[in-house]
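Text of work_7.cif, listed as mmCIF, N, CA, C and O atoms:
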data_target
loop_
_atom_site.label_atom_id
_atom_site.label_comp_id
_atom_site.auth_asym_id
_atom_site.auth_seq_id
_atom_site.Cartn_x
_atom_site.Cartn_y
_atom_site.Cartn_z
N GLY A 1 35.64 -121.78 11.85
CA GLY A 1 34.48 -121.09 11.42
C GLY A 1 34.24 -119.85 12.26
O GLY A 1 35.09 -119.35 12.98
N ILE A 2 33.06 -119.34 12.12
CA ILE A 2 32.67 -118.12 12.81
C ILE A 2 32.64 -118.34 14.32
O ILE A 2 33.12 -117.51 15.08
N ASN A 3 32.10 -119.46 14.76
CA ASN A 3 32.01 -119.72 16.20
C ASN A 3 33.38 -119.84 16.84
O ASN A 3 33.60 -119.38 17.95
N ALA A 4 34.32 -120.48 16.13
CA ALA A 4 35.67 -120.63 16.67
C ALA A 4 36.35 -119.27 16.81
O ALA A 4 37.00 -118.98 17.81
N GLU A 5 36.17 -118.42 15.80
CA GLU A 5 36.78 -117.09 15.84
C GLU A 5 36.15 -116.24 16.95
O GLU A 5 36.84 -115.55 17.68
N TYR A 6 34.84 -116.33 17.10
CA TYR A 6 34.15 -115.60 18.17
C TYR A 6 34.64 -116.08 19.53
O TYR A 6 34.91 -115.27 20.42
N GLY A 7 34.76 -117.40 19.69
CA GLY A 7 35.24 -117.95 20.95
C GLY A 7 36.64 -117.48 21.28
O GLY A 7 36.95 -117.14 22.42
N LYS A 8 37.50 -117.43 20.27
CA LYS A 8 38.87 -116.98 20.48
C LYS A 8 38.89 -115.51 20.90
O LYS A 8 39.60 -115.13 21.83
N GLN A 9 38.08 -114.67 20.22
CA GLN A 9 38.03 -113.26 20.57
C GLN A 9 37.47 -113.06 21.99
O GLN A 9 37.97 -112.23 22.74
N TRP A 10 36.44 -113.81 22.32
CA TRP A 10 35.84 -113.71 23.65
C TRP A 10 36.87 -114.06 24.72
O TRP A 10 37.01 -113.36 25.71
N TYR A 11 37.61 -115.16 24.49
CA TYR A 11 38.61 -115.59 25.46
C TYR A 11 39.70 -114.52 25.63
O TYR A 11 40.08 -114.19 26.75
N GLN A 12 40.19 -113.98 24.51
CA GLN A 12 41.23 -112.97 24.60
C GLN A 12 40.74 -111.72 25.33
O GLN A 12 41.46 -111.12 26.12
N ARG A 13 39.48 -111.33 25.10
CA ARG A 13 38.91 -110.17 25.76
C ARG A 13 38.81 -110.41 27.27
O ARG A 13 39.13 -109.55 28.08
N ARG A 14 38.36 -111.63 27.66
CA ARG A 14 38.23 -111.95 29.08
C ARG A 14 39.60 -111.97 29.77
O ARG A 14 39.73 -111.51 30.91
N VAL A 15 40.61 -112.52 29.11
CA VAL A 15 41.95 -112.55 29.70
C VAL A 15 42.46 -111.13 29.89
O VAL A 15 43.02 -110.79 30.93
N ARG A 16 42.27 -110.27 28.88
CA ARG A 16 42.70 -108.88 28.99
C ARG A 16 42.00 -108.18 30.15
O ARG A 16 42.62 -107.48 30.93
N GLU A 17 40.68 -108.39 30.28
CA GLU A 17 39.92 -107.77 31.37
C GLU A 17 40.41 -108.26 32.73
O GLU A 17 40.53 -107.48 33.66
N ALA A 18 40.70 -109.55 32.83
CA ALA A 18 41.16 -110.11 34.11
C ALA A 18 42.52 -109.52 34.49
O ALA A 18 42.75 -109.18 35.65
N VAL A 19 43.42 -109.40 33.52
CA VAL A 19 44.74 -108.85 33.80
C VAL A 19 44.62 -107.40 34.22
O VAL A 19 45.21 -106.97 35.19
N VAL A 20 43.81 -106.62 33.51
CA VAL A 20 43.65 -105.21 33.83
C VAL A 20 43.04 -105.04 35.21
O VAL A 20 43.50 -104.25 36.03
N SER A 21 41.98 -105.82 35.52
CA SER A 21 41.33 -105.66 36.82
C SER A 21 42.25 -106.08 37.96
O SER A 21 42.24 -105.48 39.01
N THR A 22 43.07 -107.10 37.75
CA THR A 22 43.98 -107.54 38.80
C THR A 22 45.09 -106.52 39.01
O THR A 22 45.45 -106.22 40.14
N GLN A 23 45.58 -105.95 37.92
CA GLN A 23 46.66 -104.97 38.06
C GLN A 23 46.17 -103.69 38.71
O GLN A 23 46.89 -103.05 39.47
N SER A 24 44.94 -103.30 38.45
CA SER A 24 44.47 -102.02 38.97
C SER A 24 43.92 -102.13 40.39
O SER A 24 43.82 -101.13 41.07
N THR A 25 43.56 -103.31 40.84
CA THR A 25 42.93 -103.40 42.16
C THR A 25 43.72 -104.24 43.15
O THR A 25 43.26 -104.44 44.26
N GLY A 26 44.85 -104.76 42.81
CA GLY A 26 45.61 -105.59 43.75
C GLY A 26 45.47 -107.06 43.41
O GLY A 26 46.00 -107.51 42.42
N VAL A 27 44.73 -107.79 44.23
CA VAL A 27 44.54 -109.23 44.01
C VAL A 27 43.06 -109.54 43.86
O VAL A 27 42.22 -108.80 44.36
N PRO A 28 42.73 -110.65 43.19
CA PRO A 28 41.32 -111.04 43.10
C PRO A 28 40.75 -111.39 44.48
O PRO A 28 41.48 -111.81 45.38
N THR A 29 39.45 -111.22 44.64
CA THR A 29 38.80 -111.52 45.91
C THR A 29 38.96 -113.00 46.27
O THR A 29 38.98 -113.35 47.44
N SER A 30 39.10 -113.87 45.27
CA SER A 30 39.26 -115.30 45.54
C SER A 30 40.55 -115.60 46.27
O SER A 30 40.70 -116.68 46.86
N CYS A 31 41.51 -114.67 46.27
CA CYS A 31 42.77 -114.87 47.00
C CYS A 31 42.62 -114.57 48.49
O CYS A 31 43.50 -114.88 49.28
N CYS A 32 41.51 -113.94 48.88
CA CYS A 32 41.31 -113.57 50.28
C CYS A 32 41.09 -114.81 51.15
O CYS A 32 40.53 -115.80 50.71
N LEU A 33 41.52 -114.72 52.39
CA LEU A 33 41.26 -115.78 53.35
C LEU A 33 39.76 -115.91 53.59
O LEU A 33 39.03 -114.93 53.45
N GLU A 34 39.31 -117.09 53.95
CA GLU A 34 37.88 -117.33 54.19
C GLU A 34 37.32 -116.36 55.22
O GLU A 34 36.21 -115.85 55.07
N SER A 35 38.07 -116.08 56.25
CA SER A 35 37.58 -115.19 57.31
C SER A 35 37.46 -113.74 56.84
O SER A 35 36.73 -112.96 57.45
N GLU A 36 38.12 -113.38 55.76
CA GLU A 36 38.12 -112.00 55.28
C GLU A 36 37.22 -111.80 54.06
O GLU A 36 37.08 -110.69 53.57
N ARG A 37 36.60 -112.86 53.54
CA ARG A 37 35.81 -112.73 52.31
C ARG A 37 34.56 -111.87 52.47
O ARG A 37 34.05 -111.36 51.50
N SER A 38 34.06 -111.72 53.68
CA SER A 38 32.88 -110.88 53.87
C SER A 38 33.23 -109.40 53.71
O SER A 38 32.37 -108.58 53.43
N ASP A 39 34.48 -109.08 53.86
CA ASP A 39 34.95 -107.70 53.69
C ASP A 39 35.09 -107.41 52.20
O ASP A 39 35.90 -108.01 51.52
N ASP A 40 34.28 -106.48 51.68
CA ASP A 40 34.30 -106.18 50.26
C ASP A 40 35.60 -105.54 49.79
O ASP A 40 35.92 -105.56 48.61
N THR A 41 36.34 -104.98 50.71
CA THR A 41 37.58 -104.31 50.32
C THR A 41 38.77 -105.27 50.28
O THR A 41 39.84 -104.87 49.85
N CYS A 42 38.57 -106.49 50.72
CA CYS A 42 39.69 -107.44 50.69
C CYS A 42 40.12 -107.67 49.25
O CYS A 42 39.32 -107.99 48.39
N GLY A 43 41.37 -107.50 48.99
CA GLY A 43 41.91 -107.67 47.66
C GLY A 43 41.94 -106.40 46.84
O GLY A 43 42.60 -106.34 45.82
N SER A 44 41.25 -105.37 47.28
CA SER A 44 41.20 -104.12 46.52
C SER A 44 42.29 -103.16 46.98
O SER A 44 42.45 -102.91 48.17
N TYR A 45 42.97 -102.62 46.05
CA TYR A 45 43.98 -101.59 46.27
C TYR A 45 45.01 -101.96 47.32
O TYR A 45 45.42 -101.15 48.13
N ILE A 46 45.43 -103.21 47.29
CA ILE A 46 46.48 -103.65 48.21
C ILE A 46 47.53 -104.42 47.42
O ILE A 46 47.22 -105.04 46.42
N ALA A 47 48.72 -104.36 47.86
CA ALA A 47 49.79 -105.11 47.22
C ALA A 47 49.72 -106.56 47.70
O ALA A 47 49.41 -106.82 48.85
N TRP A 48 50.03 -107.48 46.81
CA TRP A 48 49.90 -108.90 47.15
C TRP A 48 50.93 -109.33 48.18
O TRP A 48 50.73 -110.30 48.89
N ASN A 49 52.04 -108.63 48.31
CA ASN A 49 53.11 -109.09 49.19
C ASN A 49 53.10 -108.45 50.57
O ASN A 49 53.91 -108.79 51.41
N ASP A 50 52.19 -107.51 50.84
CA ASP A 50 52.20 -106.89 52.16
C ASP A 50 50.82 -106.95 52.84
O ASP A 50 50.49 -106.11 53.65
N ASN A 51 50.05 -107.96 52.55
CA ASN A 51 48.72 -108.05 53.14
C ASN A 51 48.58 -109.36 53.90
O ASN A 51 48.95 -110.42 53.41
N THR A 52 48.01 -109.27 55.08
CA THR A 52 47.79 -110.47 55.89
C THR A 52 46.40 -111.05 55.69
O THR A 52 46.06 -112.05 56.30
N LYS A 53 45.59 -110.44 54.80
CA LYS A 53 44.23 -110.90 54.55
C LYS A 53 44.14 -111.89 53.39
O LYS A 53 43.08 -112.42 53.11
N ILE A 54 45.24 -112.11 52.69
CA ILE A 54 45.19 -112.97 51.51
C ILE A 54 46.02 -114.24 51.71
O ILE A 54 46.91 -114.29 52.55
N ASN A 55 45.69 -115.25 50.92
CA ASN A 55 46.47 -116.49 50.91
C ASN A 55 47.79 -116.22 50.23
O ASN A 55 47.83 -115.68 49.12
N SER A 56 48.86 -116.59 50.87
CA SER A 56 50.18 -116.37 50.27
C SER A 56 50.73 -117.64 49.64
O SER A 56 51.76 -117.62 49.00
N GLN A 57 50.01 -118.75 49.83
CA GLN A 57 50.46 -120.02 49.30
C GLN A 57 49.56 -120.39 48.11
O GLN A 57 48.34 -120.24 48.18
N GLY A 58 50.15 -120.88 47.04
CA GLY A 58 49.40 -121.21 45.85
C GLY A 58 48.59 -122.50 45.99
O GLY A 58 48.78 -123.28 46.92
N CYS A 59 47.67 -122.71 45.04
CA CYS A 59 46.79 -123.89 45.07
C CYS A 59 47.59 -125.18 44.91
O CYS A 59 47.31 -126.17 45.59
N LYS A 60 48.56 -125.17 44.01
CA LYS A 60 49.34 -126.38 43.76
C LYS A 60 50.07 -126.81 45.03
O LYS A 60 50.04 -127.99 45.41
N THR A 61 50.70 -125.88 45.70
CA THR A 61 51.42 -126.19 46.93
C THR A 61 50.46 -126.70 48.01
O THR A 61 50.78 -127.65 48.73
N SER A 62 49.29 -126.08 48.10
CA SER A 62 48.31 -126.50 49.10
C SER A 62 47.83 -127.92 48.84
O SER A 62 47.68 -128.72 49.77
N ILE A 63 47.57 -128.24 47.58
CA ILE A 63 47.10 -129.59 47.24
C ILE A 63 48.18 -130.62 47.50
O ILE A 63 47.91 -131.69 48.06
N ILE A 64 49.42 -130.32 47.13
CA ILE A 64 50.52 -131.25 47.37
C ILE A 64 50.69 -131.49 48.87
O ILE A 64 50.85 -132.63 49.32
N ASN A 65 50.63 -130.43 49.67
CA ASN A 65 50.75 -130.57 51.12
C ASN A 65 49.60 -131.40 51.69
O ASN A 65 49.80 -132.23 52.57
N PHE A 66 48.38 -131.16 51.21
CA PHE A 66 47.23 -131.92 51.68
C PHE A 66 47.40 -133.41 51.39
O PHE A 66 47.17 -134.25 52.26
N VAL A 67 47.81 -133.73 50.17
CA VAL A 67 47.99 -135.15 49.80
C VAL A 67 49.10 -135.78 50.64
O VAL A 67 48.95 -136.90 51.12
N GLU A 68 50.20 -135.07 50.82
CA GLU A 68 51.31 -135.61 51.60
C GLU A 68 50.91 -135.82 53.07
O GLU A 68 51.29 -136.82 53.67
N ASN A 69 50.15 -134.90 53.62
CA ASN A 69 49.74 -135.01 55.03
C ASN A 69 48.64 -136.03 55.25
O ASN A 69 48.44 -136.50 56.37
N ASN A 70 47.87 -136.35 54.22
CA ASN A 70 46.74 -137.27 54.34
C ASN A 70 46.87 -138.44 53.36
O ASN A 70 45.88 -138.89 52.79
N LEU A 71 48.09 -138.91 53.17
CA LEU A 71 48.36 -139.94 52.17
C LEU A 71 47.57 -141.22 52.45
O LEU A 71 47.07 -141.85 51.52
N LEU A 72 47.42 -141.61 53.68
CA LEU A 72 46.68 -142.81 54.02
C LEU A 72 45.23 -142.69 53.57
O LEU A 72 44.69 -143.59 52.92
N TYR A 73 44.60 -141.56 53.87
CA TYR A 73 43.20 -141.37 53.50
C TYR A 73 43.02 -141.26 51.99
O TYR A 73 42.05 -141.78 51.43
N VAL A 74 43.95 -140.58 51.32
CA VAL A 74 43.90 -140.47 49.87
C VAL A 74 44.04 -141.85 49.24
O VAL A 74 43.32 -142.21 48.31
N GLY A 75 44.95 -142.67 49.77
CA GLY A 75 45.13 -144.03 49.27
C GLY A 75 43.91 -144.89 49.49
O GLY A 75 43.52 -145.67 48.61
N ILE A 76 43.29 -144.78 50.66
CA ILE A 76 42.08 -145.56 50.94
C ILE A 76 40.96 -145.16 49.99
O ILE A 76 40.27 -146.02 49.43
N CYS A 77 40.78 -143.86 49.77
CA CYS A 77 39.74 -143.40 48.84
C CYS A 77 40.01 -143.91 47.43
O CYS A 77 39.09 -144.35 46.73
N ALA A 78 41.25 -143.84 46.99
CA ALA A 78 41.60 -144.33 45.66
C ALA A 78 41.33 -145.83 45.55
O ALA A 78 40.80 -146.31 44.54
N GLY A 79 41.69 -146.59 46.59
CA GLY A 79 41.43 -148.03 46.58
C GLY A 79 39.95 -148.36 46.53
O GLY A 79 39.53 -149.26 45.79
N VAL A 80 39.16 -147.62 47.29
CA VAL A 80 37.71 -147.85 47.27
C VAL A 80 37.14 -147.55 45.90
O VAL A 80 36.30 -148.30 45.38
N ILE A 81 37.60 -146.48 45.27
CA ILE A 81 37.12 -146.13 43.94
C ILE A 81 37.50 -147.21 42.93
O ILE A 81 36.68 -147.61 42.09
N VAL A 82 38.71 -147.73 43.01
CA VAL A 82 39.15 -148.80 42.10
C VAL A 82 38.30 -150.05 42.30
O VAL A 82 37.83 -150.66 41.33
N ILE A 83 38.08 -150.45 43.55
CA ILE A 83 37.25 -151.64 43.82
C ILE A 83 35.83 -151.42 43.32
O ILE A 83 35.22 -152.32 42.72
N PHE A 84 35.29 -150.23 43.53
CA PHE A 84 33.95 -149.91 43.05
C PHE A 84 33.87 -150.01 41.53
O PHE A 84 32.94 -150.60 40.97
N GLN A 85 34.86 -149.48 40.83
CA GLN A 85 34.89 -149.52 39.37
C GLN A 85 34.99 -150.97 38.87
O GLN A 85 34.31 -151.35 37.91
N ILE A 86 35.82 -151.78 39.50
CA ILE A 86 35.96 -153.17 39.09
C ILE A 86 34.67 -153.93 39.34
O ILE A 86 34.25 -154.74 38.50
N SER A 87 34.00 -153.67 40.46
CA SER A 87 32.74 -154.37 40.72
C SER A 87 31.67 -153.97 39.71
O SER A 87 30.88 -154.81 39.26
N ILE A 88 31.63 -152.72 39.29
CA ILE A 88 30.69 -152.29 38.25
C ILE A 88 31.01 -152.99 36.94
O ILE A 88 30.11 -153.43 36.22
N LEU A 89 32.28 -153.10 36.60
CA LEU A 89 32.68 -153.79 35.38
C LEU A 89 32.24 -155.25 35.41
O LEU A 89 31.71 -155.77 34.41
N ILE A 90 32.41 -155.93 36.53
CA ILE A 90 32.00 -157.34 36.65
C ILE A 90 30.48 -157.45 36.54
O ILE A 90 29.97 -158.33 35.84
N MET A 91 29.75 -156.56 37.21
CA MET A 91 28.28 -156.62 37.14
C MET A 91 27.78 -156.36 35.72
O MET A 91 26.85 -157.02 35.24
N ALA A 92 28.40 -155.41 35.02
CA ALA A 92 28.00 -155.13 33.64
C ALA A 92 28.28 -156.32 32.74
O ALA A 92 27.48 -156.66 31.87
N SER A 93 29.40 -156.98 32.96
CA SER A 93 29.74 -158.16 32.17
C SER A 93 28.75 -159.28 32.42
O SER A 93 28.29 -159.96 31.49
N LYS A 94 28.38 -159.51 33.68
CA LYS A 94 27.41 -160.55 34.00
C LYS A 94 26.04 -160.22 33.42
O LYS A 94 25.34 -161.10 32.92
N LEU A 95 25.64 -158.96 33.46
CA LEU A 95 24.37 -158.56 32.87
C LEU A 95 24.36 -158.80 31.37
O LEU A 95 23.39 -159.31 30.82
N ARG A 96 25.46 -158.47 30.72
CA ARG A 96 25.57 -158.70 29.28
C ARG A 96 25.45 -160.18 28.97
O ARG A 96 24.74 -160.58 28.04
N THR A 97 26.13 -161.01 29.72
CA THR A 97 26.06 -162.45 29.51
C THR A 97 24.65 -162.96 29.74
O THR A 97 24.14 -163.78 28.96
N THR A 98 23.97 -162.49 30.76
CA THR A 98 22.60 -162.90 31.05
C THR A 98 21.66 -162.50 29.92
O THR A 98 20.83 -163.29 29.48
N ILE A 99 21.81 -161.29 29.42
CA ILE A 99 20.95 -160.82 28.32
C ILE A 99 21.22 -161.64 27.06
O ILE A 99 20.29 -162.03 26.35
N GLU A 100 22.48 -161.93 26.77
CA GLU A 100 22.80 -162.75 25.59
C GLU A 100 22.21 -164.14 25.71
O GLU A 100 21.67 -164.68 24.75
N ASP A 101 22.31 -164.76 26.90
CA ASP A 101 21.78 -166.10 27.10
C ASP A 101 20.26 -166.12 26.92
O ASP A 101 19.70 -167.03 26.32
N GLU A 102 19.57 -165.10 27.40
CA GLU A 102 18.10 -165.03 27.26
C GLU A 102 17.72 -164.86 25.80
O GLU A 102 16.74 -165.44 25.33
N ASN A 103 18.47 -164.07 25.05
CA ASN A 103 18.15 -163.83 23.64
C ASN A 103 18.34 -165.09 22.82
O ASN A 103 17.56 -165.35 21.88
N TYR A 104 19.34 -165.89 23.11
CA TYR A 104 19.57 -167.12 22.35
C TYR A 104 18.48 -168.15 22.63
O TYR A 104 18.13 -168.94 21.78
N GLU A 105 17.96 -168.15 23.84
CA GLU A 105 16.91 -169.12 24.17
C GLU A 105 15.61 -168.81 23.44
O GLU A 105 14.84 -169.70 23.14
N ASN A 106 15.35 -167.55 23.14
CA ASN A 106 14.12 -167.16 22.48
C ASN A 106 14.11 -167.50 21.00
O ASN A 106 13.05 -167.56 20.39
N PHE A 107 15.25 -167.67 20.39
CA PHE A 107 15.30 -167.92 18.94
C PHE A 107 15.39 -169.38 18.62
O PHE A 107 15.90 -170.23 19.02
#

Kindly return the structure encoded in the file as C-alpha coordinates.
Amino acid sequence: GINAEYGKQWYQRRVREAVVSTQSTGVPTSCCLESERSDDTCGSYIAWNDNTKINSQGCKTSIINFVENNLLYVGICAGVIVIFQISILIMASKLRTTIEDENYENF
(Lines of atoms letter the chains of each structure in order from A and count residues from 1; the text may use other names and numbers.)
(Lines give C-alpha, C1' and ligand atoms only; values in the text may rest on other atoms or scores of the structure.)
Protein backbone atom coordinates (compact mmCIF):
# COMPACT_ATOMS: atom_id res chain seq x y z
CA GLY A 1 0.00 0.00 0.00
CA ILE A 2 0.87 3.64 0.30
CA ASN A 3 2.59 3.27 3.68
CA ALA A 4 4.80 0.45 2.43
CA GLU A 5 5.86 2.47 -0.61
CA TYR A 6 6.53 5.55 1.53
CA GLY A 7 8.59 3.46 3.96
CA LYS A 8 10.63 2.01 1.11
CA GLN A 9 11.30 5.47 -0.35
CA TRP A 10 12.22 6.87 3.06
CA TYR A 11 14.66 4.01 3.68
CA GLN A 12 16.30 4.41 0.27
CA ARG A 13 16.65 8.17 0.80
CA ARG A 14 18.25 7.66 4.24
CA VAL A 15 20.71 5.07 2.89
CA ARG A 16 21.68 7.43 0.06
CA GLU A 17 22.19 10.31 2.52
CA ALA A 18 24.30 8.13 4.82
CA VAL A 19 26.53 6.96 1.96
CA VAL A 20 26.99 10.50 0.63
CA SER A 21 27.76 11.96 4.07
CA THR A 22 30.25 9.20 4.86
CA GLN A 23 32.01 9.53 1.53
CA SER A 24 32.29 13.30 1.74
CA THR A 25 33.40 13.60 5.36
CA GLY A 26 35.53 10.52 6.06
CA VAL A 27 34.03 8.31 8.76
CA PRO A 28 30.93 8.65 10.95
CA THR A 29 31.45 10.18 14.40
CA SER A 30 30.32 6.87 15.93
CA CYS A 31 33.61 5.35 14.68
CA CYS A 32 35.63 7.73 16.88
CA LEU A 33 37.27 6.47 20.05
CA GLU A 34 35.47 7.37 23.28
CA SER A 35 38.30 9.71 24.28
CA GLU A 36 38.00 11.61 20.99
CA ARG A 37 34.19 11.96 20.77
CA SER A 38 34.21 15.39 22.40
CA ASP A 39 36.22 16.65 19.43
CA ASP A 40 33.68 17.73 16.79
CA THR A 41 36.20 17.28 14.01
CA CYS A 42 36.79 13.61 14.75
CA GLY A 43 35.72 11.65 11.71
CA SER A 44 35.48 14.71 9.48
CA TYR A 45 37.66 15.03 6.42
CA ILE A 46 39.98 12.21 7.36
CA ALA A 47 40.73 8.94 5.69
CA TRP A 48 39.64 5.87 7.61
CA ASN A 49 42.99 4.12 7.23
CA ASP A 50 45.36 6.85 8.44
CA ASN A 51 43.73 8.13 11.62
CA THR A 52 44.56 7.19 15.18
CA LYS A 53 41.35 8.75 16.54
CA ILE A 54 39.00 6.09 15.18
CA ASN A 55 38.25 2.46 15.98
CA SER A 56 39.96 0.26 13.44
CA GLN A 57 38.32 -2.94 14.63
CA GLY A 58 34.74 -3.78 13.67
CA CYS A 59 31.85 -4.46 16.06
CA LYS A 60 31.61 -8.14 15.14
CA THR A 61 35.28 -8.75 15.90
CA SER A 62 35.01 -6.83 19.17
CA ILE A 63 31.99 -8.84 20.32
CA ILE A 64 33.60 -12.16 19.40
CA ASN A 65 36.78 -11.19 21.28
CA PHE A 66 34.75 -10.09 24.32
CA VAL A 67 32.82 -13.37 24.44
CA GLU A 68 35.99 -15.44 23.98
CA ASN A 69 37.84 -13.52 26.71
CA ASN A 70 34.91 -13.64 29.15
CA LEU A 71 33.43 -17.03 28.31
CA LEU A 72 33.01 -18.03 31.95
CA TYR A 73 31.00 -14.91 32.78
CA VAL A 74 28.92 -15.15 29.60
CA GLY A 75 28.15 -18.79 30.44
CA ILE A 76 27.18 -17.94 34.03
CA CYS A 77 24.86 -15.16 32.83
CA ALA A 78 23.26 -17.48 30.27
CA GLY A 79 22.78 -20.17 32.93
CA VAL A 80 21.18 -17.72 35.35
CA ILE A 81 18.81 -16.51 32.63
CA VAL A 82 17.83 -20.09 31.77
CA ILE A 83 17.19 -20.96 35.44
CA PHE A 84 15.18 -17.75 35.86
CA GLN A 85 13.06 -18.55 32.79
CA ILE A 86 12.41 -22.12 33.97
CA SER A 87 11.41 -20.91 37.44
CA ILE A 88 8.95 -18.42 35.89
CA LEU A 89 7.50 -21.22 33.77
CA ILE A 90 7.02 -23.43 36.86
CA MET A 91 5.43 -20.58 38.84
CA ALA A 92 3.06 -19.76 35.98
CA SER A 93 2.07 -23.41 35.70
CA LYS A 94 1.39 -23.65 39.45
CA LEU A 95 -0.65 -20.44 39.34
CA ARG A 96 -2.71 -21.80 36.47
CA THR A 97 -3.35 -25.03 38.35
CA THR A 98 -4.34 -23.10 41.50
CA ILE A 99 -6.75 -20.89 39.56
CA GLU A 100 -8.31 -23.92 37.83
CA ASP A 101 -8.74 -25.74 41.16
CA GLU A 102 -10.46 -22.69 42.73
CA ASN A 103 -12.81 -22.31 39.76
CA TYR A 104 -13.93 -25.95 39.91
CA GLU A 105 -14.69 -25.68 43.62
CA ASN A 106 -17.02 -22.73 43.05
CA PHE A 107 -19.24 -24.56 40.54

> Please, what distance in Å, to one decimal, runs between CA of Arg96 in chain A and atom N of Val82 in chain A?
Replying inline: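 These atoms are spaced 21.9 Å apart.
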
> Between atom N of Leu33 in chain A and atom C of Asn55 in chain A, what is the distance, to one decimal in Å?
Replying inline: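 Spanning atom N of Leu33 in chain A to atom C of Asn55 in chain A is a straight-line distance of 6.8 Å.
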
>> Using Å and a single decimal, report how far CA of Glu34 in chain A sits from CA of Asn65 in chain A.
In response: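 Between CA of Asn65 in chain A and CA of Glu34 in chain A the gap works out to 18.7 Å.
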